[in-house]
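Undergrad: Supplied structure: start-v7.cif, mmCIF, C-alpha atoms and all ligand atoms.
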data_query
loop_
_atom_site.group_PDB
_atom_site.id
_atom_site.type_symbol
_atom_site.label_atom_id
_atom_site.label_comp_id
_atom_site.auth_asym_id
_atom_site.auth_seq_id
_atom_site.Cartn_x
_atom_site.Cartn_y
_atom_site.Cartn_z
ATOM 1 C CA MET L 1 0.000 0.000 0.000
ATOM 2 C CA LYS L 2 1.384 3.354 -1.019
ATOM 3 C CA ASN L 3 0.528 6.202 1.334
ATOM 4 C CA ILE L 4 0.440 9.529 -0.451
ATOM 5 C CA ILE L 5 0.975 12.544 1.735
ATOM 6 C CA GLY L 6 0.963 16.280 1.106
ATOM 7 C CA HIS L 7 2.783 18.747 3.365
ATOM 8 C CA LYS L 8 1.959 20.004 6.857
ATOM 9 C CA ASN L 9 -0.457 22.945 7.005
ATOM 10 C CA PRO L 10 -2.121 21.288 4.019
ATOM 11 C CA ASP L 11 -3.297 23.534 1.207
ATOM 12 C CA THR L 12 -5.640 22.761 -1.655
ATOM 13 C CA ASP L 13 -2.850 21.798 -4.057
ATOM 14 C CA SER L 14 -1.226 19.335 -1.664
ATOM 15 C CA VAL L 15 -4.524 17.650 -0.734
ATOM 16 C CA CYS L 16 -6.023 17.505 -4.240
ATOM 17 C CA SER L 17 -2.811 16.300 -5.879
ATOM 18 C CA ALA L 18 -2.462 13.525 -3.281
ATOM 19 C CA ILE L 19 -6.064 12.352 -3.765
ATOM 20 C CA ALA L 20 -5.777 12.503 -7.552
ATOM 21 C CA TYR L 21 -2.490 10.587 -7.556
ATOM 22 C CA ALA L 22 -3.951 7.879 -5.305
ATOM 23 C CA ASN L 23 -6.806 7.550 -7.794
ATOM 24 C CA PHE L 24 -4.300 7.433 -10.685
ATOM 25 C CA LEU L 25 -2.453 4.517 -9.063
ATOM 26 C CA ASN L 26 -5.694 2.754 -8.101
ATOM 27 C CA LEU L 27 -6.817 2.842 -11.730
ATOM 28 C CA GLN L 28 -3.601 1.015 -12.582
ATOM 29 C CA ASN L 29 -4.311 -1.628 -9.959
ATOM 30 C CA GLU L 30 -1.850 -0.284 -7.434
ATOM 31 C CA GLU L 31 -2.970 0.037 -3.836
ATOM 32 C CA ALA L 32 -2.695 3.635 -2.737
ATOM 33 C CA ARG L 33 -4.468 6.116 -0.479
ATOM 34 C CA ALA L 34 -4.086 9.786 0.353
ATOM 35 C CA PHE L 35 -3.649 11.373 3.783
ATOM 36 C CA ALA L 36 -3.538 14.949 5.029
ATOM 37 C CA LEU L 37 -1.059 16.171 7.654
ATOM 38 C CA GLY L 38 -3.537 18.396 9.437
ATOM 39 C CA GLU L 39 -7.079 19.786 9.251
ATOM 40 C CA LEU L 40 -8.157 20.979 5.819
ATOM 41 C CA ASN L 41 -8.509 24.714 5.273
ATOM 42 C CA LYS L 42 -11.890 26.110 4.262
ATOM 43 C CA GLU L 43 -10.913 26.451 0.606
ATOM 44 C CA THR L 44 -9.944 22.788 0.399
ATOM 45 C CA GLN L 45 -13.150 21.735 2.178
ATOM 46 C CA PHE L 46 -15.162 23.811 -0.284
ATOM 47 C CA VAL L 47 -13.391 22.227 -3.273
ATOM 48 C CA LEU L 48 -13.792 18.625 -2.078
ATOM 49 C CA GLU L 49 -17.455 19.174 -1.230
ATOM 50 C CA LYS L 50 -18.102 20.880 -4.555
ATOM 51 C CA PHE L 51 -16.690 17.982 -6.552
ATOM 52 C CA GLY L 52 -18.072 15.257 -4.279
ATOM 53 C CA ILE L 53 -14.804 13.863 -2.961
ATOM 54 C CA ASP L 54 -14.479 12.471 0.599
ATOM 55 C CA PHE L 55 -12.086 14.269 2.940
ATOM 56 C CA PRO L 56 -8.826 12.355 3.399
ATOM 57 C CA GLU L 57 -7.948 10.971 6.807
ATOM 58 C CA VAL L 58 -5.759 13.285 8.891
ATOM 59 C CA VAL L 59 -2.617 11.705 10.368
ATOM 60 C CA SER L 60 0.588 12.903 11.980
ATOM 61 C CA GLU L 61 2.449 9.588 11.800
ATOM 62 C CA LEU L 62 2.152 6.273 9.980
ATOM 63 C CA PRO L 63 3.205 2.789 11.135
ATOM 64 C CA ALA L 64 6.949 2.134 10.740
ATOM 65 C CA GLN L 65 8.012 0.745 7.346
ATOM 66 C CA SER L 66 4.917 2.113 5.579
ATOM 67 C CA GLU L 67 5.604 3.083 1.988
ATOM 68 C CA VAL L 68 5.183 6.813 1.482
ATOM 69 C CA ILE L 69 5.045 9.174 -1.462
ATOM 70 C CA LEU L 70 5.654 12.853 -0.675
ATOM 71 C CA LEU L 71 3.482 15.197 -2.670
ATOM 72 C CA ASP L 72 3.933 18.947 -3.024
ATOM 73 C CA HIS L 73 6.956 19.030 -0.671
ATOM 74 C CA ASN L 74 10.357 17.446 -0.285
ATOM 75 C CA GLU L 75 11.773 19.046 2.865
ATOM 76 C CA LYS L 76 11.808 17.116 6.121
ATOM 77 C CA GLY L 77 10.452 20.070 8.072
ATOM 78 C CA GLN L 78 7.226 19.932 6.095
ATOM 79 C CA ALA L 79 6.928 16.160 6.009
ATOM 80 C CA ILE L 80 5.218 13.575 8.201
ATOM 81 C CA ASP L 81 6.729 13.422 11.724
ATOM 82 C CA ASN L 82 8.135 9.905 11.613
ATOM 83 C CA LEU L 83 9.444 10.051 8.033
ATOM 84 C CA GLU L 84 12.706 8.464 9.203
ATOM 85 C CA GLU L 85 10.904 5.228 10.127
ATOM 86 C CA LEU L 86 9.072 5.041 6.819
ATOM 87 C CA GLU L 87 9.972 3.724 3.395
ATOM 88 C CA LEU L 88 10.162 6.741 1.106
ATOM 89 C CA VAL L 89 9.446 5.510 -2.423
ATOM 90 C CA GLU L 90 8.627 8.612 -4.454
ATOM 91 C CA ILE L 91 8.540 12.415 -4.471
ATOM 92 C CA ILE L 92 6.359 14.566 -6.722
ATOM 93 C CA ASP L 93 6.814 18.284 -6.269
ATOM 94 C CA HIS L 94 7.164 21.735 -7.794
ATOM 95 C CA HIS L 95 9.445 23.319 -5.169
ATOM 96 C CA LYS L 96 13.205 23.534 -5.053
ATOM 97 C CA VAL L 97 14.771 20.246 -4.115
ATOM 98 C CA ASP L 98 16.478 19.838 -0.779
ATOM 99 C CA ILE L 99 16.594 16.190 0.179
ATOM 100 C CA GLN L 100 18.941 13.288 0.613
ATOM 101 C CA THR L 101 17.685 9.751 0.265
ATOM 102 C CA GLU L 102 19.156 6.472 1.438
ATOM 103 C CA LYS L 103 18.074 4.571 -1.653
ATOM 104 C CA PRO L 104 17.261 5.452 -5.225
ATOM 105 C CA ILE L 105 13.663 6.573 -5.467
ATOM 106 C CA SER L 106 11.358 8.015 -8.123
ATOM 107 C CA ILE L 107 11.501 11.783 -8.186
ATOM 108 C CA CYS L 108 9.371 13.974 -10.388
ATOM 109 C CA VAL L 109 9.940 17.688 -9.848
ATOM 110 C CA LYS L 110 8.772 20.190 -12.433
ATOM 111 C CA PRO L 111 8.787 23.990 -12.509
ATOM 112 C CA LEU L 112 5.015 24.223 -12.896
ATOM 113 C CA GLY L 113 2.533 26.343 -10.980
ATOM 114 C CA SER L 114 1.155 23.466 -8.908
ATOM 115 C CA SER L 115 1.601 19.812 -8.041
ATOM 116 C CA CYS L 116 -1.866 19.223 -9.468
ATOM 117 C CA SER L 117 -0.418 20.300 -12.837
ATOM 118 C CA ILE L 118 2.153 17.505 -12.627
ATOM 119 C CA ILE L 119 -0.519 14.934 -11.747
ATOM 120 C CA ALA L 120 -2.821 16.174 -14.529
ATOM 121 C CA GLU L 121 0.058 15.802 -17.000
ATOM 122 C CA LYS L 122 0.527 12.214 -15.841
ATOM 123 C CA TYR L 123 -3.141 11.395 -16.518
ATOM 124 C CA PHE L 124 -3.002 12.897 -19.990
ATOM 125 C CA ALA L 125 0.393 11.382 -20.832
ATOM 126 C CA GLU L 126 -0.616 7.874 -19.737
ATOM 127 C CA GLY L 127 -4.134 8.137 -21.092
ATOM 128 C CA VAL L 128 -5.580 7.212 -17.693
ATOM 129 C CA GLU L 129 -9.302 7.854 -17.410
ATOM 130 C CA LEU L 130 -10.146 11.170 -15.754
ATOM 131 C CA ASP L 131 -13.657 11.486 -14.339
ATOM 132 C CA ASN L 132 -15.123 14.904 -13.700
ATOM 133 C CA LYS L 133 -14.606 14.718 -9.929
ATOM 134 C CA ILE L 134 -10.874 14.155 -10.183
ATOM 135 C CA ALA L 135 -10.538 16.556 -13.110
ATOM 136 C CA GLY L 136 -12.426 19.093 -10.961
ATOM 137 C CA ILE L 137 -10.132 18.884 -7.962
ATOM 138 C CA LEU L 138 -7.035 18.961 -10.185
ATOM 139 C CA MET L 139 -8.317 22.101 -11.841
ATOM 140 C CA ALA L 140 -9.083 23.636 -8.438
ATOM 141 C CA GLY L 141 -5.588 22.794 -7.188
ATOM 142 C CA ILE L 142 -4.008 24.588 -10.156
ATOM 143 C CA ILE L 143 -6.306 27.594 -9.705
ATOM 144 C CA SER L 144 -5.503 27.731 -5.989
ATOM 145 C CA ASP L 145 -1.715 27.538 -6.210
ATOM 146 C CA THR L 146 -1.457 29.976 -9.128
ATOM 147 C CA LEU L 147 -4.047 32.379 -7.638
ATOM 148 C CA PHE L 148 -5.936 31.705 -10.880
ATOM 149 C CA PHE L 149 -2.897 32.617 -12.997
ATOM 150 C CA ARG L 150 -2.127 35.854 -11.133
ATOM 151 C CA SER L 151 0.958 34.446 -9.423
ATOM 152 C CA PRO L 152 4.314 34.739 -11.237
ATOM 153 C CA THR L 153 4.692 31.002 -10.606
ATOM 154 C CA THR L 154 2.111 30.415 -13.356
ATOM 155 C CA THR L 155 3.309 28.734 -16.556
ATOM 156 C CA GLU L 156 1.707 28.320 -19.991
ATOM 157 C CA THR L 157 1.382 24.615 -19.185
ATOM 158 C CA ASP L 158 -0.811 25.383 -16.161
ATOM 159 C CA LYS L 159 -3.182 27.386 -18.340
ATOM 160 C CA ILE L 160 -3.358 24.710 -21.016
ATOM 161 C CA LEU L 161 -4.007 22.027 -18.391
ATOM 162 C CA VAL L 162 -6.891 23.976 -16.849
ATOM 163 C CA GLU L 163 -8.382 24.325 -20.309
ATOM 164 C CA LYS L 164 -8.033 20.593 -20.985
ATOM 165 C CA LEU L 165 -9.404 19.654 -17.548
ATOM 166 C CA ASN L 166 -12.352 21.956 -18.023
ATOM 167 C CA GLU L 167 -13.253 20.115 -21.230
ATOM 168 C CA ILE L 168 -14.125 17.305 -18.799
ATOM 169 C CA VAL L 169 -15.539 19.343 -15.893
ATOM 170 C CA ARG L 170 -17.350 21.956 -18.019
ATOM 171 C CA ILE L 171 -17.617 24.832 -15.579
ATOM 172 C CA GLU L 172 -18.768 27.889 -17.458
ATOM 173 C CA ASP L 173 -17.441 30.611 -15.195
ATOM 174 C CA LEU L 174 -14.035 29.690 -13.825
ATOM 175 C CA GLU L 175 -13.474 33.216 -12.537
ATOM 176 C CA LYS L 176 -16.529 32.708 -10.335
ATOM 177 C CA LEU L 177 -15.265 29.348 -9.093
ATOM 178 C CA SER L 178 -11.918 30.935 -8.215
ATOM 179 C CA LEU L 179 -13.663 33.727 -6.294
ATOM 180 C CA GLU L 180 -15.699 31.194 -4.331
ATOM 181 C CA MET L 181 -12.481 29.363 -3.495
ATOM 182 C CA PHE L 182 -10.574 32.477 -2.449
ATOM 183 C CA ASN L 183 -13.487 33.732 -0.379
ATOM 184 C CA ALA L 184 -13.691 30.350 1.356
ATOM 185 C CA LYS L 185 -9.956 30.544 2.072
ATOM 186 C CA SER L 186 -10.387 34.075 3.430
ATOM 187 C CA ASP L 187 -13.081 32.995 5.879
ATOM 188 C CA LEU L 188 -10.915 32.321 8.910
ATOM 189 C CA GLY L 189 -13.430 32.725 11.731
ATOM 190 C CA ASP L 190 -11.897 33.286 15.137
ATOM 191 C CA ILE L 191 -8.536 31.577 14.861
ATOM 192 C CA SER L 192 -5.734 32.515 17.226
ATOM 193 C CA VAL L 193 -3.046 34.924 16.078
ATOM 194 C CA GLU L 194 -0.491 32.113 16.092
ATOM 195 C CA GLU L 195 -2.718 30.000 13.846
ATOM 196 C CA LEU L 196 -3.126 32.989 11.555
ATOM 197 C CA ILE L 197 0.626 33.474 11.195
ATOM 198 C CA LYS L 198 1.210 29.731 10.815
ATOM 199 C CA LEU L 199 -1.539 29.179 8.208
ATOM 200 C CA ASP L 200 1.143 29.004 5.561
ATOM 201 C CA TYR L 201 4.449 29.430 7.363
ATOM 202 C CA LYS L 202 7.923 28.241 6.482
ATOM 203 C CA THR L 203 11.420 28.802 7.839
ATOM 204 C CA PHE L 204 14.416 29.372 5.581
ATOM 205 C CA ASP L 205 18.187 29.270 6.093
ATOM 206 C CA PHE L 206 19.512 32.390 4.454
ATOM 207 C CA LYS L 207 23.180 33.468 4.552
ATOM 208 C CA ASP L 208 23.072 35.270 7.879
ATOM 209 C CA GLY L 209 20.650 33.036 9.714
ATOM 210 C CA LYS L 210 17.247 31.464 9.884
ATOM 211 C CA TYR L 211 14.139 33.426 8.905
ATOM 212 C CA GLY L 212 10.428 32.679 9.311
ATOM 213 C CA ILE L 213 7.955 33.832 6.651
ATOM 214 C CA GLY L 214 4.199 33.380 6.954
ATOM 215 C CA VAL L 215 1.856 34.198 4.093
ATOM 216 C CA MET L 216 -1.874 34.825 4.130
ATOM 217 C CA GLU L 217 -3.461 34.847 0.677
ATOM 218 C CA THR L 218 -6.824 36.524 0.991
ATOM 219 C CA THR L 219 -9.626 38.513 -0.560
ATOM 220 C CA ASN L 220 -10.145 40.156 2.843
ATOM 221 C CA VAL L 221 -6.941 42.020 3.682
ATOM 222 C CA ASP L 222 -8.607 43.910 6.528
ATOM 223 C CA TYR L 223 -8.998 40.728 8.528
ATOM 224 C CA GLY L 224 -5.216 40.532 8.895
ATOM 225 C CA LEU L 225 -4.583 44.266 9.090
ATOM 226 C CA ASN L 226 -7.173 44.749 11.830
ATOM 227 C CA ARG L 227 -5.219 42.284 13.963
ATOM 228 C CA ARG L 228 -1.907 44.063 13.366
ATOM 229 C CA GLU L 229 -1.115 44.722 17.054
ATOM 230 C CA GLU L 230 -1.387 41.077 18.092
ATOM 231 C CA VAL L 231 0.419 39.952 14.914
ATOM 232 C CA PHE L 232 3.388 42.254 15.605
ATOM 233 C CA ALA L 233 3.579 41.001 19.209
ATOM 234 C CA LYS L 234 3.400 37.350 18.160
ATOM 235 C CA LEU L 235 6.048 37.773 15.426
ATOM 236 C CA ALA L 236 8.452 39.201 18.025
ATOM 237 C CA GLU L 237 7.616 36.291 20.323
ATOM 238 C CA ILE L 238 8.182 33.670 17.598
ATOM 239 C CA LYS L 239 11.537 35.277 16.713
ATOM 240 C CA GLU L 240 12.741 34.933 20.320
ATOM 241 C CA LYS L 241 11.276 31.513 20.952
ATOM 242 C CA ASP L 242 12.569 29.924 17.741
ATOM 243 C CA ASP L 243 15.822 31.890 17.764
ATOM 244 C CA LEU L 244 15.258 33.388 14.312
ATOM 245 C CA LYS L 245 16.996 36.304 12.632
ATOM 246 C CA ALA L 246 13.651 37.792 11.588
ATOM 247 C CA VAL L 247 10.023 36.778 11.185
ATOM 248 C CA TYR L 248 7.613 38.203 8.608
ATOM 249 C CA PHE L 249 3.915 37.873 7.937
ATOM 250 C CA THR L 250 2.848 38.884 4.446
ATOM 251 C CA ILE L 251 -0.816 39.500 3.714
ATOM 252 C CA VAL L 252 -1.389 38.999 -0.017
ATOM 253 C CA ASP L 253 -4.361 40.729 -1.620
ATOM 254 C CA ILE L 254 -5.052 38.058 -4.243
ATOM 255 C CA LEU L 255 -7.456 39.986 -6.440
ATOM 256 C CA ASN L 256 -5.513 43.269 -6.530
ATOM 257 C CA GLU L 257 -2.052 41.676 -6.569
ATOM 258 C CA LYS L 258 -0.561 43.696 -3.703
ATOM 259 C CA SER L 259 0.883 42.755 -0.349
ATOM 260 C CA TYR L 260 1.191 44.106 3.169
ATOM 261 C CA THR L 261 4.016 42.805 5.354
ATOM 262 C CA LEU L 262 4.335 42.820 9.135
ATOM 263 C CA TYR L 263 7.652 42.024 10.866
ATOM 264 C CA SER L 264 9.223 40.966 14.160
ATOM 265 C CA ASP L 265 11.312 44.074 14.922
ATOM 266 C CA ASP L 266 12.800 47.276 13.489
ATOM 267 C CA GLU L 267 15.835 45.544 12.059
ATOM 268 C CA ALA L 268 13.574 43.157 10.144
ATOM 269 C CA LYS L 269 11.520 46.089 8.947
ATOM 270 C CA GLU L 270 14.530 48.033 7.628
ATOM 271 C CA LEU L 271 15.823 44.975 5.796
ATOM 272 C CA PHE L 272 12.482 44.348 4.101
ATOM 273 C CA VAL L 273 12.103 48.003 3.075
ATOM 274 C CA LYS L 274 15.583 47.932 1.574
ATOM 275 C CA LEU L 275 15.200 44.601 -0.250
ATOM 276 C CA PHE L 276 11.725 45.181 -1.691
ATOM 277 C CA LYS L 277 11.613 48.986 -1.885
ATOM 278 C CA ALA L 278 8.554 48.680 0.315
ATOM 279 C CA GLU L 279 6.432 51.687 1.148
ATOM 280 C CA ASP L 280 5.984 52.238 4.887
ATOM 281 C CA ARG L 281 2.265 52.798 5.368
ATOM 282 C CA ASP L 282 1.753 53.477 9.047
ATOM 283 C CA GLY L 283 4.203 50.742 9.946
ATOM 284 C CA ILE L 284 2.843 48.228 7.420
ATOM 285 C CA LEU L 285 5.143 47.476 4.481
ATOM 286 C CA PHE L 286 3.257 47.814 1.220
ATOM 287 C CA VAL L 287 4.583 46.379 -2.063
ATOM 288 C CA ASP L 288 2.663 46.397 -5.334
ATOM 289 C CA LYS L 289 2.731 43.121 -7.343
ATOM 290 C CA LEU L 290 4.538 41.170 -4.633
ATOM 291 C CA VAL L 291 2.417 38.018 -4.231
ATOM 292 C CA SER L 292 4.652 34.944 -4.285
ATOM 293 C CA ARG L 293 6.904 33.843 -1.441
ATOM 294 C CA LYS L 294 8.479 31.146 -3.590
ATOM 295 C CA LYS L 295 9.143 33.157 -6.716
ATOM 296 C CA GLN L 296 9.534 36.710 -5.413
ATOM 297 C CA ILE L 297 10.280 36.905 -1.692
ATOM 298 C CA VAL L 298 12.625 33.977 -1.024
ATOM 299 C CA PRO L 299 14.895 34.555 -4.071
ATOM 300 C CA VAL L 300 15.519 38.169 -2.994
ATOM 301 C CA PHE L 301 16.514 37.069 0.518
ATOM 302 C CA GLU L 302 18.729 34.382 -0.983
ATOM 303 C CA GLY L 303 20.477 36.967 -3.144
ATOM 304 C CA MET L 304 21.191 39.449 -0.353
HETATM 305 MN MN MN L 401 1.814 23.418 -4.375
#
Kindly return the structure encoded in the file as structure tokens.
TA:
Amino acid sequence: MKNIIGHKNPDTDSVCSAIAYANFLNLQNEEARAFALGELNKETQFVLEKFGIDFPEVVSELPAQSEVILLDHNEKGQAIDNLEELELVEIIDHHKVDIQTEKPISICVKPLGSSCSIIAEKYFAEGVELDNKIAGILMAGIISDTLFFRSPTTTETDKILVEKLNEIVRIEDLEKLSLEMFNAKSDLGDISVEELIKLDYKTFDFKDGKYGIGVMETTNVDYGLNRREEVFAKLAEIKEKDDLKAVYFTIVDILNEKSYTLYSDDEAKELFVKLFKAEDRDGILFVDKLVSRKKQIVPVFEGM
């Protein structure tokens, strides 16, 4: 049995690609099932309900020696807790590669806008039957990760794949679907400030130390901005507790392609202003067209 697992803090791409790949293997008579490493966010719940797919089981560990396939991640920090006890057999991802394996394994990493794009390509390349449920969640995963083609991570291939998938799903207004998804993702209810910052949070080893960067992609920027005082306090606390050089929280206005960044201290603020020519708006760092941590924020820190 192959256990297919997306990353911690699961997003729509990681969950949908894992489910679709399990289905792909099942159709070729291979035993496989998908798991999620944490509760699904509201966007992912909306997508699975819309296309009539059951929620995957949430786990934090699997029995020792289980065969695992990592989807949409390849770093240990984002992987299942007891990865070391498991049999890693395959990685499918669209992030930079940072892993060492004990044995040769299958690795498929492509510079596409989503992991769902890679899985969709596999279906089309192998001629494996795609029903409209699976085609639907693959399409949603691509739309989610590329912010419906607004993100600079978007490739021509992603657009072509959405077109081909929609020949199966036949949704007339994809813009509307994307809005429903983004609004679902923006509906956070009364989560704690730590949960807010850690919704989509990663740490990075840059030249002068370790940095934490959380991102909130939203259609409701005010939700984050209205909580600025508690966010600033918590960022400072995380910096101390985790012994980081700096911690940032970037609120991305998906529809208007702008971002607002909060930071752990003045030093972090000055660095961000310098690196991104950010505009200081009452202590919030505004940057037009800055929407992607992977493609825009991290590379600039890496080049400093
Ligand atoms: Mn992804």
Undergrad: Quick check on the file I pasted: which residues fall under the PyMOL selection byres (((chain L and resi 207-219) around 7) and not hetatm)? Write them as a PyMOL selection string.
TA: chain L and resi 182-183+185-186+197-206+220-221+244-255
Undergrad: Neighbours of ligand MN 401 (chain L) at 10 Å or closer, counting all atoms listed in the file: which residues, as a list of chain:residue names?
TA: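 Here is the list of contacting residues: L:Gly6, L:His7, L:Pro10, L:Asp11, L:Thr12, L:Asp13, L:Ser14, L:Val15, L:Cys16, L:Ser17, L:Leu71, L:Asp72, L:His73, L:Asp93, L:His94, L:His95, L:Leu112, L:Gly113, L:Ser114, L:Ser115, L:Cys116, L:Ser117, L:Gly141, L:Ile142, L:Ser144, L:Asp145, L:Thr146.
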Undergrad: Skip Ala278 (chain L) itself and residues of its chain fewer than 5 positions away, then list as a PyMOL selection string all residues within 10 Å of it, counting all atoms listed in the file.
TA: chain L and resi 259-261+269-273+284-288+290
Undergrad: Applied to this file, what does the PyMOL selection byres (((chain L and resi 30-41) around 9) and not hetatm) return in terms of residues, put as an MDAnalysis selection string?
TA: chainID L and resid 1:12 14:15 18:29 42:46 55:61 79:80 184:185 188 199
Undergrad: Could you write out that same residue set with C-alpha atoms as a JSON list (two decimals), in the frame of the given file?
TA:
[["chain", "number", "residue", "atom", "x", "y", "z"],
["L", 1, "MET", "CA", 0.00, 0.00, 0.00],
["L", 2, "LYS", "CA", 1.38, 3.35, -1.02],
["L", 3, "ASN", "CA", 0.53, 6.20, 1.33],
["L", 4, "ILE", "CA", 0.44, 9.53, -0.45],
["L", 5, "ILE", "CA", 0.98, 12.54, 1.74],
["L", 6, "GLY", "CA", 0.96, 16.28, 1.11],
["L", 7, "HIS", "CA", 2.78, 18.75, 3.36],
["L", 8, "LYS", "CA", 1.96, 20.00, 6.86],
["L", 9, "ASN", "CA", -0.46, 22.94, 7.00],
["L", 10, "PRO", "CA", -2.12, 21.29, 4.02],
["L", 11, "ASP", "CA", -3.30, 23.53, 1.21],
["L", 12, "THR", "CA", -5.64, 22.76, -1.66],
["L", 14, "SER", "CA", -1.23, 19.34, -1.66],
["L", 15, "VAL", "CA", -4.52, 17.65, -0.73],
["L", 18, "ALA", "CA", -2.46, 13.52, -3.28],
["L", 19, "ILE", "CA", -6.06, 12.35, -3.76],
["L", 20, "ALA", "CA", -5.78, 12.50, -7.55],
["L", 21, "TYR", "CA", -2.49, 10.59, -7.56],
["L", 22, "ALA", "CA", -3.95, 7.88, -5.30],
["L", 23, "ASN", "CA", -6.81, 7.55, -7.79],
["L", 24, "PHE", "CA", -4.30, 7.43, -10.68],
["L", 25, "LEU", "CA", -2.45, 4.52, -9.06],
["L", 26, "ASN", "CA", -5.69, 2.75, -8.10],
["L", 27, "LEU", "CA", -6.82, 2.84, -11.73],
["L", 28, "GLN", "CA", -3.60, 1.01, -12.58],
["L", 29, "ASN", "CA", -4.31, -1.63, -9.96],
["L", 42, "LYS", "CA", -11.89, 26.11, 4.26],
["L", 43, "GLU", "CA", -10.91, 26.45, 0.61],
["L", 44, "THR", "CA", -9.94, 22.79, 0.40],
["L", 45, "GLN", "CA", -13.15, 21.74, 2.18],
["L", 46, "PHE", "CA", -15.16, 23.81, -0.28],
["L", 55, "PHE", "CA", -12.09, 14.27, 2.94],
["L", 56, "PRO", "CA", -8.83, 12.36, 3.40],
["L", 57, "GLU", "CA", -7.95, 10.97, 6.81],
["L", 58, "VAL", "CA", -5.76, 13.28, 8.89],
["L", 59, "VAL", "CA", -2.62, 11.70, 10.37],
["L", 60, "SER", "CA", 0.59, 12.90, 11.98],
["L", 61, "GLU", "CA", 2.45, 9.59, 11.80],
["L", 79, "ALA", "CA", 6.93, 16.16, 6.01],
["L", 80, "ILE", "CA", 5.22, 13.58, 8.20],
["L", 184, "ALA", "CA", -13.69, 30.35, 1.36],
["L", 185, "LYS", "CA", -9.96, 30.54, 2.07],
["L", 188, "LEU", "CA", -10.92, 32.32, 8.91],
["L", 199, "LEU", "CA", -1.54, 29.18, 8.21]]
Undergrad: Neighbours of Ser178 (chain L) within 8 Å (only C-alpha atoms; same-chain residues fewer than 5 positions away dropped), as a list in words?
TA: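 Selected residues are Ala140, Ile143, Ser144 and Phe148 of chain L.
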Undergrad: I need the chosen residues saved as an mmCIF file, in the frame of the given file, with C-alpha atoms.
TA:
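Saved to part_22.cif:
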data_model
loop_
_atom_site.group_PDB
_atom_site.id
_atom_site.type_symbol
_atom_site.label_atom_id
_atom_site.label_comp_id
_atom_site.auth_asym_id
_atom_site.auth_seq_id
_atom_site.Cartn_x
_atom_site.Cartn_y
_atom_site.Cartn_z
ATOM 1 C CA ALA L 140 -9.083 23.636 -8.438
ATOM 2 C CA ILE L 143 -6.306 27.594 -9.705
ATOM 3 C CA SER L 144 -5.503 27.731 -5.989
ATOM 4 C CA PHE L 148 -5.936 31.705 -10.880
#
Undergrad: Can you measure CA of Ile119 (chain L) to CA of Glu90 (chain L) for me? One decimal in Å is fine.
TA: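 For CA of Ile119 (chain L) relative to CA of Glu90 (chain L), the distance reads 13.3 Å.
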Undergrad: Could you check how far CA of Glu167 (chain L) sits from CA of Ser151 (chain L), in Å to one decimal?
TA: 23.4 Å
Undergrad: Expand the PyMOL selection byres (((chain L and resi 68) around 7) and not hetatm) into the explicit residue set it covers here, and present it as a list in words.
TA: Lys2, Asn3, Ile4, Ser66, Glu67, Ile69, Leu70, Leu86, Glu87, Leu88 and Val89 of chain L
Undergrad: Need the axis-aligned box for region 177-183 of chain L with 5 Å each side, so what are the centre and edges in Å to one decimal, as JSON?
TA:
{"center_x": -13.1, "center_y": 31.5, "center_z": -4.7, "size_x": 15.1, "size_y": 14.4, "size_z": 18.7}
Undergrad: Could you state the separation of CA of Ser106 (chain L) and CA of Lys295 (chain L) in Å, given to one decimal place?
TA: 25.3 Å
Undergrad: Can you pull out every residue within 12 Å of Ala233 (chain L), counting all atoms listed in the file, but drop anything in the same chain fewer than 5 positions away, and send it as JSON, numbers by chain?
TA: {"L": [193, 194, 197, 227, 228, 238, 239, 240, 247, 248, 249, 262, 263, 264, 265]}
Undergrad: Between L:Glu121, L:Glu257, L:Glu172, L:Glu180, single out the one closest to Ile160 (chain L), counting all atoms listed in the file.
TA: L:Glu121
Undergrad: Taking into account all atoms listed in the file, which residue in the set L:Lys258, L:Thr154, L:Ile297, L:Ser292 is nearest to Glu279 (chain L)?
TA: L:Lys258
